[in-house]
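Source file: data_37.cif; contents: mmCIF, C-alpha atoms.
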```cif
data_protein
#
loop_
_atom_site.label_atom_id
_atom_site.label_comp_id
_atom_site.auth_asym_id
_atom_site.auth_seq_id
_atom_site.Cartn_x
_atom_site.Cartn_y
_atom_site.Cartn_z
CA MET G 1 -75.41 69.07 -204.29
CA ILE G 2 -72.55 69.68 -206.66
CA THR G 3 -72.20 68.04 -210.07
CA ILE G 4 -68.95 66.70 -211.52
CA ALA G 5 -68.53 65.50 -215.09
CA VAL G 6 -66.05 62.78 -216.06
CA ILE G 7 -65.37 62.76 -219.80
CA GLY G 8 -63.43 59.71 -220.96
CA LEU G 9 -63.34 56.47 -219.01
CA GLY G 10 -59.65 55.66 -218.97
CA ALA G 11 -58.09 54.09 -215.89
CA PHE G 12 -57.81 57.48 -214.18
CA GLY G 13 -61.37 58.52 -215.05
CA ILE G 14 -62.74 55.24 -213.73
CA ARG G 15 -60.86 55.63 -210.47
CA VAL G 16 -62.32 59.10 -210.03
CA ILE G 17 -65.84 57.72 -210.57
CA GLU G 18 -65.30 54.99 -207.99
CA GLU G 19 -64.03 57.49 -205.42
CA LEU G 20 -66.86 59.96 -206.09
CA ALA G 21 -69.40 57.18 -205.62
CA GLU G 22 -68.58 57.33 -201.91
CA GLU G 23 -69.30 61.07 -201.73
CA ASN G 24 -72.49 63.14 -201.73
CA VAL G 25 -72.12 64.43 -205.30
CA GLU G 26 -73.85 63.95 -208.64
CA VAL G 27 -71.68 62.56 -211.41
CA VAL G 28 -72.15 62.70 -215.18
CA ILE G 29 -70.03 60.38 -217.36
CA VAL G 30 -69.37 60.47 -221.10
CA ASP G 31 -67.48 57.96 -223.25
CA LYS G 32 -67.47 56.27 -226.65
CA ASN G 33 -67.16 52.78 -225.17
CA ARG G 34 -70.66 51.39 -224.59
CA GLU G 35 -69.40 48.51 -222.46
CA MET G 36 -67.57 50.84 -220.07
CA VAL G 37 -70.50 53.24 -219.74
CA GLU G 38 -72.89 50.36 -219.04
CA LYS G 39 -70.52 49.02 -216.40
CA TYR G 40 -70.41 52.26 -214.40
CA LYS G 41 -73.81 53.82 -215.10
CA ASN G 42 -75.23 52.64 -211.76
CA LEU G 43 -72.63 54.69 -209.89
CA VAL G 44 -73.61 58.00 -211.50
CA ARG G 45 -76.59 60.26 -212.13
CA ASP G 46 -76.32 60.41 -215.91
CA ALA G 47 -74.34 58.27 -218.35
CA TYR G 48 -73.88 59.10 -222.03
CA ILE G 49 -72.53 57.06 -224.93
CA THR G 50 -71.47 59.08 -227.95
CA ASP G 51 -69.73 58.09 -231.17
CA ALA G 52 -67.85 61.38 -231.28
CA ILE G 53 -67.12 63.63 -228.32
CA THR G 54 -67.60 66.99 -229.98
CA ASN G 55 -67.87 70.46 -228.47
CA GLU G 56 -71.53 70.64 -229.45
CA MET G 57 -72.27 67.31 -227.80
CA ILE G 58 -70.46 68.30 -224.60
CA ASP G 59 -72.38 71.60 -224.43
CA LYS G 60 -75.65 69.62 -224.46
CA ILE G 61 -74.53 66.98 -221.94
CA VAL G 62 -72.49 68.85 -219.33
CA PRO G 63 -74.64 70.98 -216.99
CA HIS G 64 -73.90 74.72 -217.08
CA ASP G 65 -73.51 74.77 -213.29
CA VAL G 66 -71.05 71.85 -213.18
CA ALA G 67 -68.50 72.28 -210.38
CA ALA G 68 -65.67 70.48 -212.17
CA VAL G 69 -64.83 68.45 -215.24
CA VAL G 70 -62.36 65.56 -215.28
CA ILE G 71 -60.93 64.58 -218.68
CA ASP G 72 -59.24 61.24 -219.39
CA PHE G 73 -58.84 60.50 -223.09
CA GLY G 74 -56.07 57.98 -222.62
CA SER G 75 -53.50 58.38 -225.38
CA ASP G 76 -55.56 60.85 -227.47
CA VAL G 77 -53.48 63.93 -226.74
CA GLU G 78 -55.03 66.21 -229.35
CA ALA G 79 -58.61 65.52 -228.24
CA SER G 80 -57.82 66.31 -224.61
CA ILE G 81 -56.20 69.62 -225.57
CA LEU G 82 -59.08 70.71 -227.82
CA LEU G 83 -61.76 69.81 -225.26
CA THR G 84 -59.86 71.50 -222.42
CA ASN G 85 -59.62 74.68 -224.45
CA HIS G 86 -63.34 74.58 -225.28
CA LEU G 87 -64.40 74.02 -221.67
CA HIS G 88 -62.15 76.86 -220.54
CA LYS G 89 -63.76 79.21 -223.05
CA THR G 90 -67.25 78.23 -221.86
CA GLY G 91 -66.35 79.31 -218.33
CA ILE G 92 -65.85 75.99 -216.49
CA GLN G 93 -63.97 76.96 -213.32
CA LYS G 94 -62.24 73.66 -212.54
CA ILE G 95 -60.84 71.45 -215.31
CA ILE G 96 -58.69 68.47 -214.30
CA VAL G 97 -57.00 66.60 -217.12
CA LYS G 98 -54.87 63.47 -217.34
CA ALA G 99 -51.63 64.04 -219.26
CA LYS G 100 -49.33 61.53 -220.93
CA THR G 101 -46.14 63.58 -220.82
CA THR G 102 -44.75 66.76 -219.29
CA GLU G 103 -45.02 68.49 -222.68
CA HIS G 104 -48.67 67.43 -222.96
CA GLY G 105 -49.29 68.78 -219.47
CA GLU G 106 -47.71 72.15 -220.24
CA ILE G 107 -49.96 72.59 -223.28
CA LEU G 108 -53.03 71.63 -221.25
CA LYS G 109 -52.20 74.34 -218.70
CA MET G 110 -51.75 76.89 -221.49
CA VAL G 111 -55.21 76.17 -222.93
CA GLY G 112 -57.08 76.25 -219.63
CA ALA G 113 -56.53 73.19 -217.44
CA THR G 114 -56.59 74.18 -213.76
CA SER G 115 -54.91 70.93 -212.74
CA VAL G 116 -52.92 68.33 -214.66
CA VAL G 117 -52.52 64.76 -213.43
CA TYR G 118 -49.71 62.37 -214.39
CA PRO G 119 -50.89 59.00 -212.99
CA ASP G 120 -47.91 56.97 -214.22
CA HIS G 121 -45.37 59.56 -213.08
CA ASP G 122 -47.08 60.05 -209.71
CA ALA G 123 -47.23 56.30 -209.12
CA ALA G 124 -43.52 55.99 -209.89
CA GLN G 125 -42.72 58.81 -207.46
CA ARG G 126 -44.55 56.94 -204.70
CA ILE G 127 -43.04 53.51 -205.33
CA VAL G 128 -39.38 54.26 -206.18
CA PRO G 129 -38.43 55.65 -202.73
CA GLN G 130 -39.89 52.51 -201.15
CA LEU G 131 -37.85 50.30 -203.46
CA LEU G 132 -34.66 52.06 -202.39
CA SER G 133 -35.13 51.83 -198.62
CA SER G 134 -36.47 49.30 -196.13
CA GLU G 135 -36.93 52.19 -193.67
CA LEU G 136 -39.60 53.87 -195.84
CA PHE G 137 -43.08 52.29 -195.69
CA SER G 138 -45.13 54.75 -197.76
CA PHE G 139 -44.47 57.95 -199.65
CA LEU G 140 -46.71 60.63 -201.18
CA THR G 141 -45.60 63.68 -203.12
CA VAL G 142 -48.11 66.45 -202.45
CA SER G 143 -46.32 69.14 -204.45
CA PRO G 144 -42.80 69.77 -205.82
CA LEU G 145 -41.86 71.20 -202.41
CA PHE G 146 -43.89 69.03 -200.02
CA ALA G 147 -44.22 65.31 -199.35
CA LEU G 148 -45.57 62.95 -196.69
CA ALA G 149 -43.91 59.70 -195.68
CA GLU G 150 -44.25 56.90 -193.16
CA VAL G 151 -40.78 56.00 -191.91
CA ALA G 152 -39.09 53.97 -189.22
CA VAL G 153 -37.90 55.95 -186.23
CA SER G 154 -34.19 56.70 -186.35
CA VAL G 155 -31.97 54.56 -184.15
CA ASP G 156 -30.41 57.83 -182.97
CA ASP G 157 -33.73 59.05 -181.58
CA ILE G 158 -34.92 55.97 -179.69
CA GLY G 159 -35.52 56.86 -176.05
CA LYS G 160 -35.46 60.62 -176.67
CA THR G 161 -38.33 63.10 -176.52
CA LEU G 162 -39.59 65.09 -179.47
CA ALA G 163 -38.30 68.27 -177.82
CA ALA G 164 -34.85 66.79 -177.31
CA VAL G 165 -34.58 65.59 -180.90
CA ASN G 166 -35.84 68.93 -182.27
CA PHE G 167 -36.96 67.44 -185.60
CA ARG G 168 -37.40 70.74 -187.41
CA GLN G 169 -33.91 71.92 -186.57
CA THR G 170 -32.14 68.57 -186.89
CA TYR G 171 -33.85 67.08 -189.92
CA LYS G 172 -35.84 70.00 -191.43
CA LEU G 173 -38.96 67.86 -191.06
CA ASN G 174 -42.21 67.91 -189.09
CA VAL G 175 -43.46 64.86 -187.19
CA ILE G 176 -47.24 64.62 -187.48
CA ALA G 177 -48.26 61.25 -186.04
CA TYR G 178 -47.08 57.77 -185.10
CA ARG G 179 -48.13 54.15 -184.85
CA GLN G 180 -46.48 50.98 -183.62
CA SER G 181 -47.48 48.70 -186.50
CA GLU G 182 -49.12 48.69 -189.91
CA ASP G 183 -52.45 47.38 -188.60
CA GLN G 184 -52.86 50.25 -186.10
CA ASP G 185 -54.30 53.71 -186.73
CA PHE G 186 -52.08 56.78 -186.54
CA GLU G 187 -52.19 58.91 -183.40
CA PHE G 188 -51.27 62.59 -183.50
CA ILE G 189 -48.18 63.80 -181.66
CA ASP G 190 -49.05 66.99 -179.82
CA SER G 191 -46.48 67.19 -177.03
CA GLY G 192 -42.76 67.86 -176.86
CA ASP G 193 -42.58 65.22 -174.12
CA PHE G 194 -43.48 62.45 -176.58
CA VAL G 195 -40.83 59.69 -176.43
CA PHE G 196 -39.66 57.75 -179.50
CA VAL G 197 -39.43 53.98 -179.00
CA GLU G 198 -37.91 51.17 -181.02
CA GLY G 199 -40.09 49.83 -183.85
CA MET G 200 -42.21 52.98 -184.01
CA ARG G 201 -43.43 54.29 -187.37
CA LEU G 202 -43.59 58.05 -187.88
CA LEU G 203 -45.67 60.10 -190.29
CA ILE G 204 -43.40 62.97 -191.31
CA ALA G 205 -43.80 65.93 -193.66
CA GLY G 206 -41.31 68.10 -195.49
CA LYS G 207 -39.29 68.40 -198.66
CA GLU G 208 -38.68 65.16 -200.55
CA LYS G 209 -34.90 65.56 -200.40
CA ASP G 210 -34.99 66.01 -196.61
CA ILE G 211 -37.15 62.91 -196.19
CA ASN G 212 -34.74 60.90 -198.35
CA THR G 213 -31.80 62.22 -196.33
CA TYR G 214 -33.48 61.22 -193.06
CA VAL G 215 -34.24 57.72 -194.33
CA ARG G 216 -30.75 57.22 -195.78
CA ASP G 217 -28.62 58.74 -193.02
CA THR G 218 -30.48 57.48 -189.96
CA SER G 219 -31.06 53.84 -190.90
CA ILE G 220 -29.24 50.94 -189.30
CA LEU G 221 -28.18 49.78 -192.77
CA SER G 222 -26.45 53.08 -193.57
CA ARG G 223 -24.59 52.90 -190.26
CA PHE G 224 -23.39 49.39 -191.05
CA GLU G 225 -22.38 50.41 -194.57
CA GLY G 226 -20.52 53.41 -193.18
CA LYS G 227 -18.61 51.32 -190.69
CA ALA G 228 -17.88 48.66 -193.31
CA SER G 229 -16.54 51.32 -195.63
CA LYS G 230 -14.22 52.69 -192.92
CA LEU G 231 -13.01 49.20 -192.02
CA GLY G 232 -12.45 48.41 -195.68
CA LYS G 233 -10.32 51.49 -196.18
CA LYS G 234 -8.35 50.73 -193.01
CA PHE G 235 -7.71 47.17 -194.23
CA GLN G 236 -6.60 48.46 -197.63
CA ARG G 237 -4.12 50.83 -195.97
CA ARG G 238 -2.65 47.91 -194.00
CA LEU G 239 -2.31 45.82 -197.16
CA ALA G 240 -0.56 48.69 -198.89
CA ALA G 241 1.82 49.10 -195.95
CA VAL G 242 2.67 45.38 -196.04
CA ALA G 243 3.21 45.49 -199.78
CA ASN G 244 5.65 48.39 -199.43
CA THR G 245 7.65 46.76 -196.65
CA PRO G 246 11.14 45.64 -197.88
CA LYS G 247 11.35 41.86 -198.09
CA SER G 248 14.24 39.94 -196.49
CA LEU G 249 16.09 37.48 -198.69
#
```

Starting from the coordinates I provided, produce the structure as structure tokens.
Amino acid sequence: MITIAVIGLGAFGIRVIEELAEENVEVVIVDKNREMVEKYKNLVRDAYITDAITNEMIDKIVPHDVAAVVIDFGSDVEASILLTNHLHKTGIQKIIVKAKTTEHGEILKMVGATSVVYPDHDAAQRIVPQLLSSELFSFLTVSPLFALAEVAVSVDDIGKTLAAVNFRQTYKLNVIAYRQSEDQDFEFIDSGDFVFVEGMRLLIAGKEKDINTYVRDTSILSRFEGKASKLGKKFQRRLAAVANTPKSL
């Protein structure tokens, strides 16, 4: 059984503990806040309260064969950098650290962090696309070049097969699965003969910009806005023509 240490019980660290509680792993937690440690000690193997999280203290607490260390010191940027550097020097293979800013994250990588997490930034990336479109139900950025999204099927594609639409060529996206409503489980799409129907939700994967383009350009709203724009321009041209017509006295 592997052991994972969580040092610092900020919001991110706590969430990691709660998720690990569902897995077959041993967890060690360390924090200055007695109340927080007492609250979560029943979810872990070992729980430590320390007035000062020093390198010497960590060396005594964290097992030498620990598989990974998660660090969440909240707003204490300096402490997270110093501890990350120390753990890296002691040979810890996987060090995951919560960062406050991009600059903080870059320094953490320089001193030994194998992965840097930006909870606030990542949450914003997931929610903003949903705020901007009623056709996008969920969104997850996996990496700078890859994202997953649950979207409404394009009105252009209703009644067509996957092979006929040719998603990869047309939209530069891959269709992974589908479901008819939010309360249903996804089912994988494994045939080119699969037919898209109205109201269907698709799980698609690709670059974030291509997903945004698909959502924007294939929605009913964008079609209406496009037509309204054309009609508006046509009406403006007619008004201009009337205005330029010589008036009879």

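Taking CA of Asp185 in chain G as the reference point, CA of Ile17 in chain G is found at 26.8 Å.
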
Run the PyMOL selection byres ((chain G and resi 193) around 8) against the file shown and list the residues it catches, as a PDB file with C-alpha atoms, keeping the file's coordinate frame.
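out.pdb, freshly written:
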```pdb
ATOM      1  CA  THR G 161     -38.330  63.100-176.520  1.00  0.00           C
ATOM      2  CA  LEU G 162     -39.590  65.090-179.470  1.00  0.00           C
ATOM      3  CA  ALA G 163     -38.300  68.270-177.820  1.00  0.00           C
ATOM      4  CA  SER G 191     -46.480  67.190-177.030  1.00  0.00           C
ATOM      5  CA  GLY G 192     -42.760  67.860-176.860  1.00  0.00           C
ATOM      6  CA  PHE G 194     -43.480  62.450-176.580  1.00  0.00           C
ATOM      7  CA  VAL G 195     -40.830  59.690-176.430  1.00  0.00           C
TER       8      VAL G 195
END
```

Next item on the list: Compare G:Glu106, G:Glu198, G:Asp156, G:Glu150 by their minimum atom-to-atom distance to Val175 in chain G, counting all atoms listed in the file, and give me the closest one.
Entry: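 Of the candidates, the smallest distance to Val175 in chain G is held by G:Glu150.
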
Let me have the centre and edge lengths of the axis-aligned box enclosing all listed atoms of range 143-159 of chain G with 4 Å padding on every side, in Å to one decimal, as lines of an AutoDock Vina configuration file.
```
center_x = -38.4
center_y = 62.6
center_z = -190.9
size_x = 23.9
size_y = 25.2
size_z = 37.8
```

Next item on the list: Would you mind telling me which residue in G:Pro63, G:Phe196, G:Asp183, G:Glu208 lies nearest to Lys160 in chain G when using only C-alpha atoms?
Entry: G:Phe196

Margin query: Counting only C-alpha atoms, find residues at most 7 Å from (-71.1, 59.2, -218.6) (file frame) and give them as a VMD selection string.
Written below: chain G and resid 6 to 7 28 to 31 37 41 46 to 49

Checklist line | Residue IDs satisfying the PyMOL selection byres ((chain G and resi 27) around 7), as a list of chain:residue names | finding: G:Thr3, G:Ile4, G:Ala5, G:Val25, G:Glu26, G:Val28, G:Ile29, G:Val44, G:Arg45, G:Asp46

Now that the selection is made, can you save its residues with C-alpha atoms as a compact mmCIF listing (two decimals), in the coordinates of the input?
```
# COMPACT_ATOMS: atom_id res chain seq x y z
CA THR G 3 -72.20 68.04 -210.07
CA ILE G 4 -68.95 66.70 -211.52
CA ALA G 5 -68.53 65.50 -215.09
CA VAL G 25 -72.12 64.43 -205.30
CA GLU G 26 -73.85 63.95 -208.64
CA VAL G 28 -72.15 62.70 -215.18
CA ILE G 29 -70.03 60.38 -217.36
CA VAL G 44 -73.61 58.00 -211.50
CA ARG G 45 -76.59 60.26 -212.13
CA ASP G 46 -76.32 60.41 -215.91
```

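Note that CA of Glu38 in chain G and CA of Leu20 in chain G are 17.2 Å apart.
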
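With only C-alpha atoms taken into account, the protein and nucleic acid residues at most 8 Å from Tyr118 in chain G (excluding it and anything under 4 positions from it in its own chain) are Lys98, Ala99, Lys100, Thr101 and Asp122 of chain G.
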
Checklist line | Between CA of Ala21 in chain G and CA of Asn42 in chain G - distance in Å to one decimal | finding: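 Calculated distance between CA of Asn42 in chain G and CA of Ala21 in chain G is 9.6 Å.
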
Next item on the list: Can you pull out every residue within 7 Å of range 52-58 of chain G, counting only C-alpha atoms, but drop anything in the same chain fewer than 3 positions away, and send it as an MDAnalysis selection string?
Entry: chainID G and resid 32 61:62 83 86

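Against the coordinates shown, the PyMOL selection byres ((chain G and resi 105) around 12) returns Val77, Glu78, Ser80, Ile81, Thr84, Ile96, Val97, Lys98, Ala99, Lys100, Thr101, Thr102, Glu103, His104, Glu106, Ile107, Leu108, Lys109, Met110, Val111, Gly112, Ala113, Thr114, Ser115, Val116, Val117, Tyr118, Pro119 and His121 of chain G.
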